[in-house]
Amino acid sequence: MREEVVGHSRILEFLERIVKSERMPHALLFSGKRGIGKFKVATLLAMMYLCKTRDACGSCKSCKSIGKGVHEDFKVVFVPDKKKNISIEDIRELKEWTYVGASSGGKVAIIDDAHLMSIEAANAFLKTLEEPPIGTVFVLVTPSPYKLPQTIVSRCLNVRFQPLTKEDIERICEIKGVSGLKRKLCLMSGSMTFLDYEDKTISKAFEIVDRFERGDYNLLAMLDDLKDEALMELVLFMIRYRLNKRLKEERDKKLMDVHKELTYLEKMFYWSNVSYSSLFEYLFLKVVL
Ligand SMILES: [Zn+2]
């Protein structure tokens, strides 16, 4: 497992130290860009903490069960649909799980995309943190720590992940056999966020963004494709990437307007259920006119 993590060597050394020091905090907050391996490191931390030798040896019963996702003292809370919240029921269930005696002397729960906790869920979780169950370690993972209540953040040991270096990304691409446009995209985003995207989605996104920038009206006939959320996410990322690059060179008024509209569209896309193809059309017209 240790060798599966690329980069973040200082964080790994730090975590190894605290696990072995027997002064493990009740809660840690892993923050940093999406797609750089925070969740993988959180799983490795669980392995170290629950491993017989505190080493994440990979061969003891505990390490193997975590690898298979069947360890009873290891739990992951997450929402498959990023537009939904982690509910208060999810947190209640987590809390109940902490009450059941641990078979390996400790428990680790990862809350992935922790910023998706509803207000009620966050309040319930805060109460758990105020009286933490002994031996349980919570690892909150999020790209957006500022969306979490400060009261929760201040009760966690904050571990900030740096973006992957170009060399790290190239190594991951090498290991996973990623090439072509996908490799280019990983390097552009400084993360592996788009690793699971299909090639046809990626080439379509490039086509849309090129048409968008050329102000090609044929793009309007493609708006229906943007109902595909993965495609829309990629298109937004690429437009944002190219726009930021241009804004570094010139702070022209039109670019600033596009920046404003794009920020609004991103917010709508991630945080509401409005039809974003019409917002995209509006953004496009802003570029053309
Ligand atoms: Zn082990």
# chains A, B, ... in the order shown; residues from 1 in each chain; ligands from 1
$ select_by_dssp --residues "range 55-212 of chain A" --states "alpha helix (DSSP H)" --output "PyMOL selection string"
chain A and resi 61-68+88-99+119-130+150-153+166-176+180-189+199-212
$ residues_around --residues "Ala109 in chain A" --least-positions-apart "6" --cutoff "9 Å" --atoms "only C-alpha atoms" --output "CSV table (one decimal) with C-alpha atoms, in the first residue's frame"
chain,number,residue,atom,x,y,z
A,46,ALA,CA,-5.9,3.5,8.8
A,73,ASP,CA,-12.9,-1.4,12.6
A,74,PHE,CA,-12.5,0.6,9.4
A,75,LYS,CA,-15.3,2.6,8.0
A,76,VAL,CA,-15.7,5.1,5.1
A,77,VAL,CA,-18.6,7.6,5.0
A,94,LEU,CA,-21.1,6.4,12.3
A,98,THR,CA,-17.9,3.8,17.3
A,136,THR,CA,-11.4,6.0,17.4
A,137,VAL,CA,-9.7,8.2,14.8
A,138,PHE,CA,-11.7,10.2,12.3
A,139,VAL,CA,-10.0,11.4,9.1
A,140,LEU,CA,-11.9,14.1,7.3
$ residues_near_ligand --ligand "ligand 1" --cutoff "6 Å" --atoms "only C-alpha atoms and all ligand atoms" --output "PDB file with C-alpha atoms, in the first residue's frame"
ATOM      1  CA  CYS A  51      -1.782  -2.919  11.795  1.00  0.00           C
ATOM      2  CA  LYS A  52      -0.266  -5.287  14.348  1.00  0.00           C
ATOM      3  CA  ALA A  56       0.932  -1.022   7.361  1.00  0.00           C
ATOM      4  CA  CYS A  57       2.842  -4.219   6.673  1.00  0.00           C
ATOM      5  CA  GLY A  58       0.292  -5.253   4.071  1.00  0.00           C
ATOM      6  CA  SER A  59       0.449  -8.898   5.088  1.00  0.00           C
ATOM      7  CA  CYS A  60      -1.234  -9.135   8.517  1.00  0.00           C
ATOM      8  CA  SER A  62      -5.827  -6.326   9.569  1.00  0.00           C
ATOM      9  CA  CYS A  63      -3.951  -4.850   6.603  1.00  0.00           C
TER      10      CYS A  63
END
$ atom_distance --atom1 "CA of Lys127 in chain A" --atom2 "CA of Cys156 in chain A"
13.3 Å
$ closest_residue --among "A:Thr43, A:Leu283, A:Arg240, A:Ser203" --to "Gly180 in chain A" --atoms "only C-alpha atoms"
A:Ser203
$ closest_residue --among "A:Ile169, A:Leu247, A:Ile134, A:Ala205" --to "Ala27 in chain A" --atoms "only C-alpha atoms"
A:Ile134
$ closest_residue --among "A:Lys184, A:Lys227, A:Arg34, A:Lys166" --to "Gly7 in chain A" --atoms "only C-alpha atoms"
A:Lys166
$ closest_atom_pairs --of "range 135-221 of chain A" --to "range 1-6 of chain A" --cutoff "10 Å" --atoms "only C-alpha atoms" --output "tab-separated table"
residue	atom	partner	partner_atom	distance
A:Leu164	CA	A:Val6	CA	8.4
A:Thr165	CA	A:Val6	CA	9.8
A:Glu167	CA	A:Val6	CA	9.8
A:Asp168	CA	A:Val6	CA	6.2
A:Ile169	CA	A:Val6	CA	8.3
A:Arg171	CA	A:Val6	CA	7.8
A:Ile172	CA	A:Val6	CA	7.1
A:Ile175	CA	A:Glu4	CA	9.7
$ write_last_selection --atoms "C-alpha atoms" --output "tab-separated table (two decimals), in the first residue's frame"
chain	number	residue	atom	x	y	z
A	164	LEU	CA	1.42	16.66	-7.08
A	165	THR	CA	4.58	17.66	-8.87
A	167	GLU	CA	7.30	14.28	-11.90
A	168	ASP	CA	4.75	12.65	-9.56
A	169	ILE	CA	2.05	12.88	-12.20
A	171	ARG	CA	5.19	8.62	-12.62
A	172	ILE	CA	1.52	7.83	-11.95
A	175	ILE	CA	2.45	3.19	-13.70
$ residues_around --residues "Leu234 in chain A" --least-positions-apart "5" --cutoff "9 Å" --atoms "only C-alpha atoms" --output "list of chain:residue names"
A:Phe194, A:Thr201, A:Ile202, A:Ala205, A:Phe206, A:Glu229, A:Ile239
$ atom_distance --atom1 "CA of Phe14 in chain A" --atom2 "CA of Gly37 in chain A"
16.0 Å
$ closest_residue --among "A:Leu12, A:Met24, A:Leu219, A:Ala121" --to "Gly135 in chain A" --atoms "only C-alpha atoms"
A:Met24
$ closest_residue --among "A:Lys267, A:Lys248, A:Lys33, A:Lys147" --to "Leu116 in chain A" --atoms "only C-alpha atoms"
A:Lys147
$ select_by_dssp --residues "range 96-161 of chain A" --states "strand (DSSP E or B)" --output "list in words"
Lys107, Val108, Ala109, Ile110, Ile111, Asp112, Met117, Thr136, Val137, Phe138, Val139, Leu140, Val141, Thr142, Leu157, Asn158, Val159 and Arg160 of chain A
$ residues_around --residues "Val288 in chain A" --least-positions-apart "4" --cutoff "10 Å" --atoms "only C-alpha atoms" --output "PyMOL selection string"
chain A and resi 212-217+282-284
$ closest_residue --among "A:Glu120, A:Asp113, A:Glu131, A:Glu174" --to "Lys38 in chain A" --atoms "only C-alpha atoms"
A:Asp113
$ decode --residues "range 25-38 of chain A" --atoms "all heavy atoms" --output "PDB file, in the first residue's frame"
ATOM      1  N   PRO A  25      -4.054  11.760  17.310  1.00  0.00           N
ATOM      2  CA  PRO A  25      -5.175  12.669  17.572  1.00  0.00           C
ATOM      3  C   PRO A  25      -6.515  11.985  17.263  1.00  0.00           C
ATOM      4  O   PRO A  25      -6.544  10.989  16.542  1.00  0.00           O
ATOM      5  CB  PRO A  25      -4.925  13.819  16.600  1.00  0.00           C
ATOM      6  CG  PRO A  25      -3.987  13.315  15.588  1.00  0.00           C
ATOM      7  CD  PRO A  25      -3.257  12.140  16.151  1.00  0.00           C
ATOM      8  N   HIS A  26      -7.596  12.521  17.832  1.00  0.00           N
ATOM      9  CA  HIS A  26      -8.925  11.934  17.576  1.00  0.00           C
ATOM     10  C   HIS A  26      -9.400  12.213  16.162  1.00  0.00           C
ATOM     11  O   HIS A  26     -10.179  11.471  15.604  1.00  0.00           O
ATOM     12  CB  HIS A  26      -9.959  12.510  18.543  1.00  0.00           C
ATOM     13  CG  HIS A  26      -9.665  12.182  19.952  1.00  0.00           C
ATOM     14  ND1 HIS A  26      -9.676  10.894  20.408  1.00  0.00           N
ATOM     15  CD2 HIS A  26      -9.331  12.967  21.006  1.00  0.00           C
ATOM     16  CE1 HIS A  26      -9.361  10.898  21.693  1.00  0.00           C
ATOM     17  NE2 HIS A  26      -9.148  12.140  22.071  1.00  0.00           N
ATOM     18  N   ALA A  27      -8.941  13.341  15.648  1.00  0.00           N
ATOM     19  CA  ALA A  27      -9.439  13.707  14.318  1.00  0.00           C
ATOM     20  C   ALA A  27      -8.368  14.415  13.514  1.00  0.00           C
ATOM     21  O   ALA A  27      -7.620  15.238  14.034  1.00  0.00           O
ATOM     22  CB  ALA A  27     -10.661  14.606  14.452  1.00  0.00           C
ATOM     23  N   LEU A  28      -8.312  14.070  12.238  1.00  0.00           N
ATOM     24  CA  LEU A  28      -7.377  14.745  11.331  1.00  0.00           C
ATOM     25  C   LEU A  28      -8.166  15.277  10.149  1.00  0.00           C
ATOM     26  O   LEU A  28      -9.167  14.671   9.746  1.00  0.00           O
ATOM     27  CB  LEU A  28      -6.330  13.766  10.798  1.00  0.00           C
ATOM     28  CG  LEU A  28      -5.383  13.128  11.815  1.00  0.00           C
ATOM     29  CD1 LEU A  28      -5.865  11.751  12.220  1.00  0.00           C
ATOM     30  CD2 LEU A  28      -3.986  13.005  11.233  1.00  0.00           C
ATOM     31  N   LEU A  29      -7.718  16.377   9.624  1.00  0.00           N
ATOM     32  CA  LEU A  29      -8.375  16.943   8.442  1.00  0.00           C
ATOM     33  C   LEU A  29      -7.363  16.963   7.292  1.00  0.00           C
ATOM     34  O   LEU A  29      -6.347  17.647   7.366  1.00  0.00           O
ATOM     35  CB  LEU A  29      -8.865  18.363   8.754  1.00  0.00           C
ATOM     36  CG  LEU A  29      -9.456  19.154   7.591  1.00  0.00           C
ATOM     37  CD1 LEU A  29     -10.697  18.480   7.036  1.00  0.00           C
ATOM     38  CD2 LEU A  29      -9.807  20.572   8.038  1.00  0.00           C
ATOM     39  N   PHE A  30      -7.648  16.173   6.279  1.00  0.00           N
ATOM     40  CA  PHE A  30      -6.782  16.136   5.098  1.00  0.00           C
ATOM     41  C   PHE A  30      -7.392  17.052   4.044  1.00  0.00           C
ATOM     42  O   PHE A  30      -8.474  16.773   3.522  1.00  0.00           O
ATOM     43  CB  PHE A  30      -6.714  14.721   4.514  1.00  0.00           C
ATOM     44  CG  PHE A  30      -5.852  13.750   5.280  1.00  0.00           C
ATOM     45  CD1 PHE A  30      -5.321  14.081   6.520  1.00  0.00           C
ATOM     46  CD2 PHE A  30      -5.567  12.491   4.756  1.00  0.00           C
ATOM     47  CE1 PHE A  30      -4.524  13.180   7.214  1.00  0.00           C
ATOM     48  CE2 PHE A  30      -4.777  11.582   5.444  1.00  0.00           C
ATOM     49  CZ  PHE A  30      -4.254  11.929   6.676  1.00  0.00           C
ATOM     50  N   SER A  31      -6.704  18.137   3.727  1.00  0.00           N
ATOM     51  CA  SER A  31      -7.247  19.019   2.697  1.00  0.00           C
ATOM     52  C   SER A  31      -6.231  19.206   1.581  1.00  0.00           C
ATOM     53  O   SER A  31      -5.033  18.963   1.760  1.00  0.00           O
ATOM     54  CB  SER A  31      -7.628  20.369   3.298  1.00  0.00           C
ATOM     55  OG  SER A  31      -6.473  21.002   3.790  1.00  0.00           O
ATOM     56  N   GLY A  32      -6.711  19.646   0.446  1.00  0.00           N
ATOM     57  CA  GLY A  32      -5.857  19.816  -0.729  1.00  0.00           C
ATOM     58  C   GLY A  32      -6.660  19.458  -1.960  1.00  0.00           C
ATOM     59  O   GLY A  32      -7.762  18.902  -1.852  1.00  0.00           O
ATOM     60  N   LYS A  33      -6.100  19.807  -3.084  1.00  0.00           N
ATOM     61  CA  LYS A  33      -6.791  19.584  -4.359  1.00  0.00           C
ATOM     62  C   LYS A  33      -7.403  18.196  -4.535  1.00  0.00           C
ATOM     63  O   LYS A  33      -6.890  17.228  -3.985  1.00  0.00           O
ATOM     64  CB  LYS A  33      -5.753  19.744  -5.485  1.00  0.00           C
ATOM     65  CG  LYS A  33      -5.763  21.075  -6.140  1.00  0.00           C
ATOM     66  CD  LYS A  33      -4.611  21.150  -7.077  1.00  0.00           C
ATOM     67  CE  LYS A  33      -5.052  20.941  -8.497  1.00  0.00           C
ATOM     68  NZ  LYS A  33      -4.096  21.542  -9.439  1.00  0.00           N
ATOM     69  N   ARG A  34      -8.438  18.131  -5.343  1.00  0.00           N
ATOM     70  CA  ARG A  34      -9.052  16.850  -5.666  1.00  0.00           C
ATOM     71  C   ARG A  34      -8.097  16.017  -6.549  1.00  0.00           C
ATOM     72  O   ARG A  34      -7.346  16.580  -7.339  1.00  0.00           O
ATOM     73  CB  ARG A  34     -10.336  17.156  -6.446  1.00  0.00           C
ATOM     74  CG  ARG A  34     -11.352  16.081  -6.406  1.00  0.00           C
ATOM     75  CD  ARG A  34     -12.610  16.540  -7.096  1.00  0.00           C
ATOM     76  NE  ARG A  34     -13.588  17.183  -6.229  1.00  0.00           N
ATOM     77  CZ  ARG A  34     -14.239  16.563  -5.257  1.00  0.00           C
ATOM     78  NH1 ARG A  34     -14.029  15.294  -5.005  1.00  0.00           N
ATOM     79  NH2 ARG A  34     -15.114  17.213  -4.516  1.00  0.00           N
ATOM     80  N   GLY A  35      -8.135  14.716  -6.342  1.00  0.00           N
ATOM     81  CA  GLY A  35      -7.392  13.829  -7.252  1.00  0.00           C
ATOM     82  C   GLY A  35      -5.888  13.788  -7.040  1.00  0.00           C
ATOM     83  O   GLY A  35      -5.135  13.526  -7.978  1.00  0.00           O
ATOM     84  N   ILE A  36      -5.421  14.050  -5.805  1.00  0.00           N
ATOM     85  CA  ILE A  36      -3.969  13.999  -5.592  1.00  0.00           C
ATOM     86  C   ILE A  36      -3.572  12.887  -4.613  1.00  0.00           C
ATOM     87  O   ILE A  36      -2.412  12.750  -4.268  1.00  0.00           O
ATOM     88  CB  ILE A  36      -3.396  15.359  -5.098  1.00  0.00           C
ATOM     89  CG1 ILE A  36      -4.111  15.835  -3.840  1.00  0.00           C
ATOM     90  CG2 ILE A  36      -3.500  16.405  -6.199  1.00  0.00           C
ATOM     91  CD1 ILE A  36      -3.460  17.049  -3.196  1.00  0.00           C
ATOM     92  N   GLY A  37      -4.560  12.140  -4.145  1.00  0.00           N
ATOM     93  CA  GLY A  37      -4.227  10.964  -3.321  1.00  0.00           C
ATOM     94  C   GLY A  37      -4.503  11.106  -1.829  1.00  0.00           C
ATOM     95  O   GLY A  37      -4.016  10.292  -1.044  1.00  0.00           O
ATOM     96  N   LYS A  38      -5.309  12.100  -1.433  1.00  0.00           N
ATOM     97  CA  LYS A  38      -5.601  12.280   0.003  1.00  0.00           C
ATOM     98  C   LYS A  38      -6.299  11.049   0.581  1.00  0.00           C
ATOM     99  O   LYS A  38      -5.968  10.588   1.666  1.00  0.00           O
ATOM    100  CB  LYS A  38      -6.501  13.518   0.239  1.00  0.00           C
ATOM    101  CG  LYS A  38      -5.909  14.818  -0.251  1.00  0.00           C
ATOM    102  CD  LYS A  38      -6.800  15.992   0.114  1.00  0.00           C
ATOM    103  CE  LYS A  38      -8.150  15.989  -0.552  1.00  0.00           C
ATOM    104  NZ  LYS A  38      -8.133  16.023  -2.029  1.00  0.00           N
TER     105      LYS A  38
END
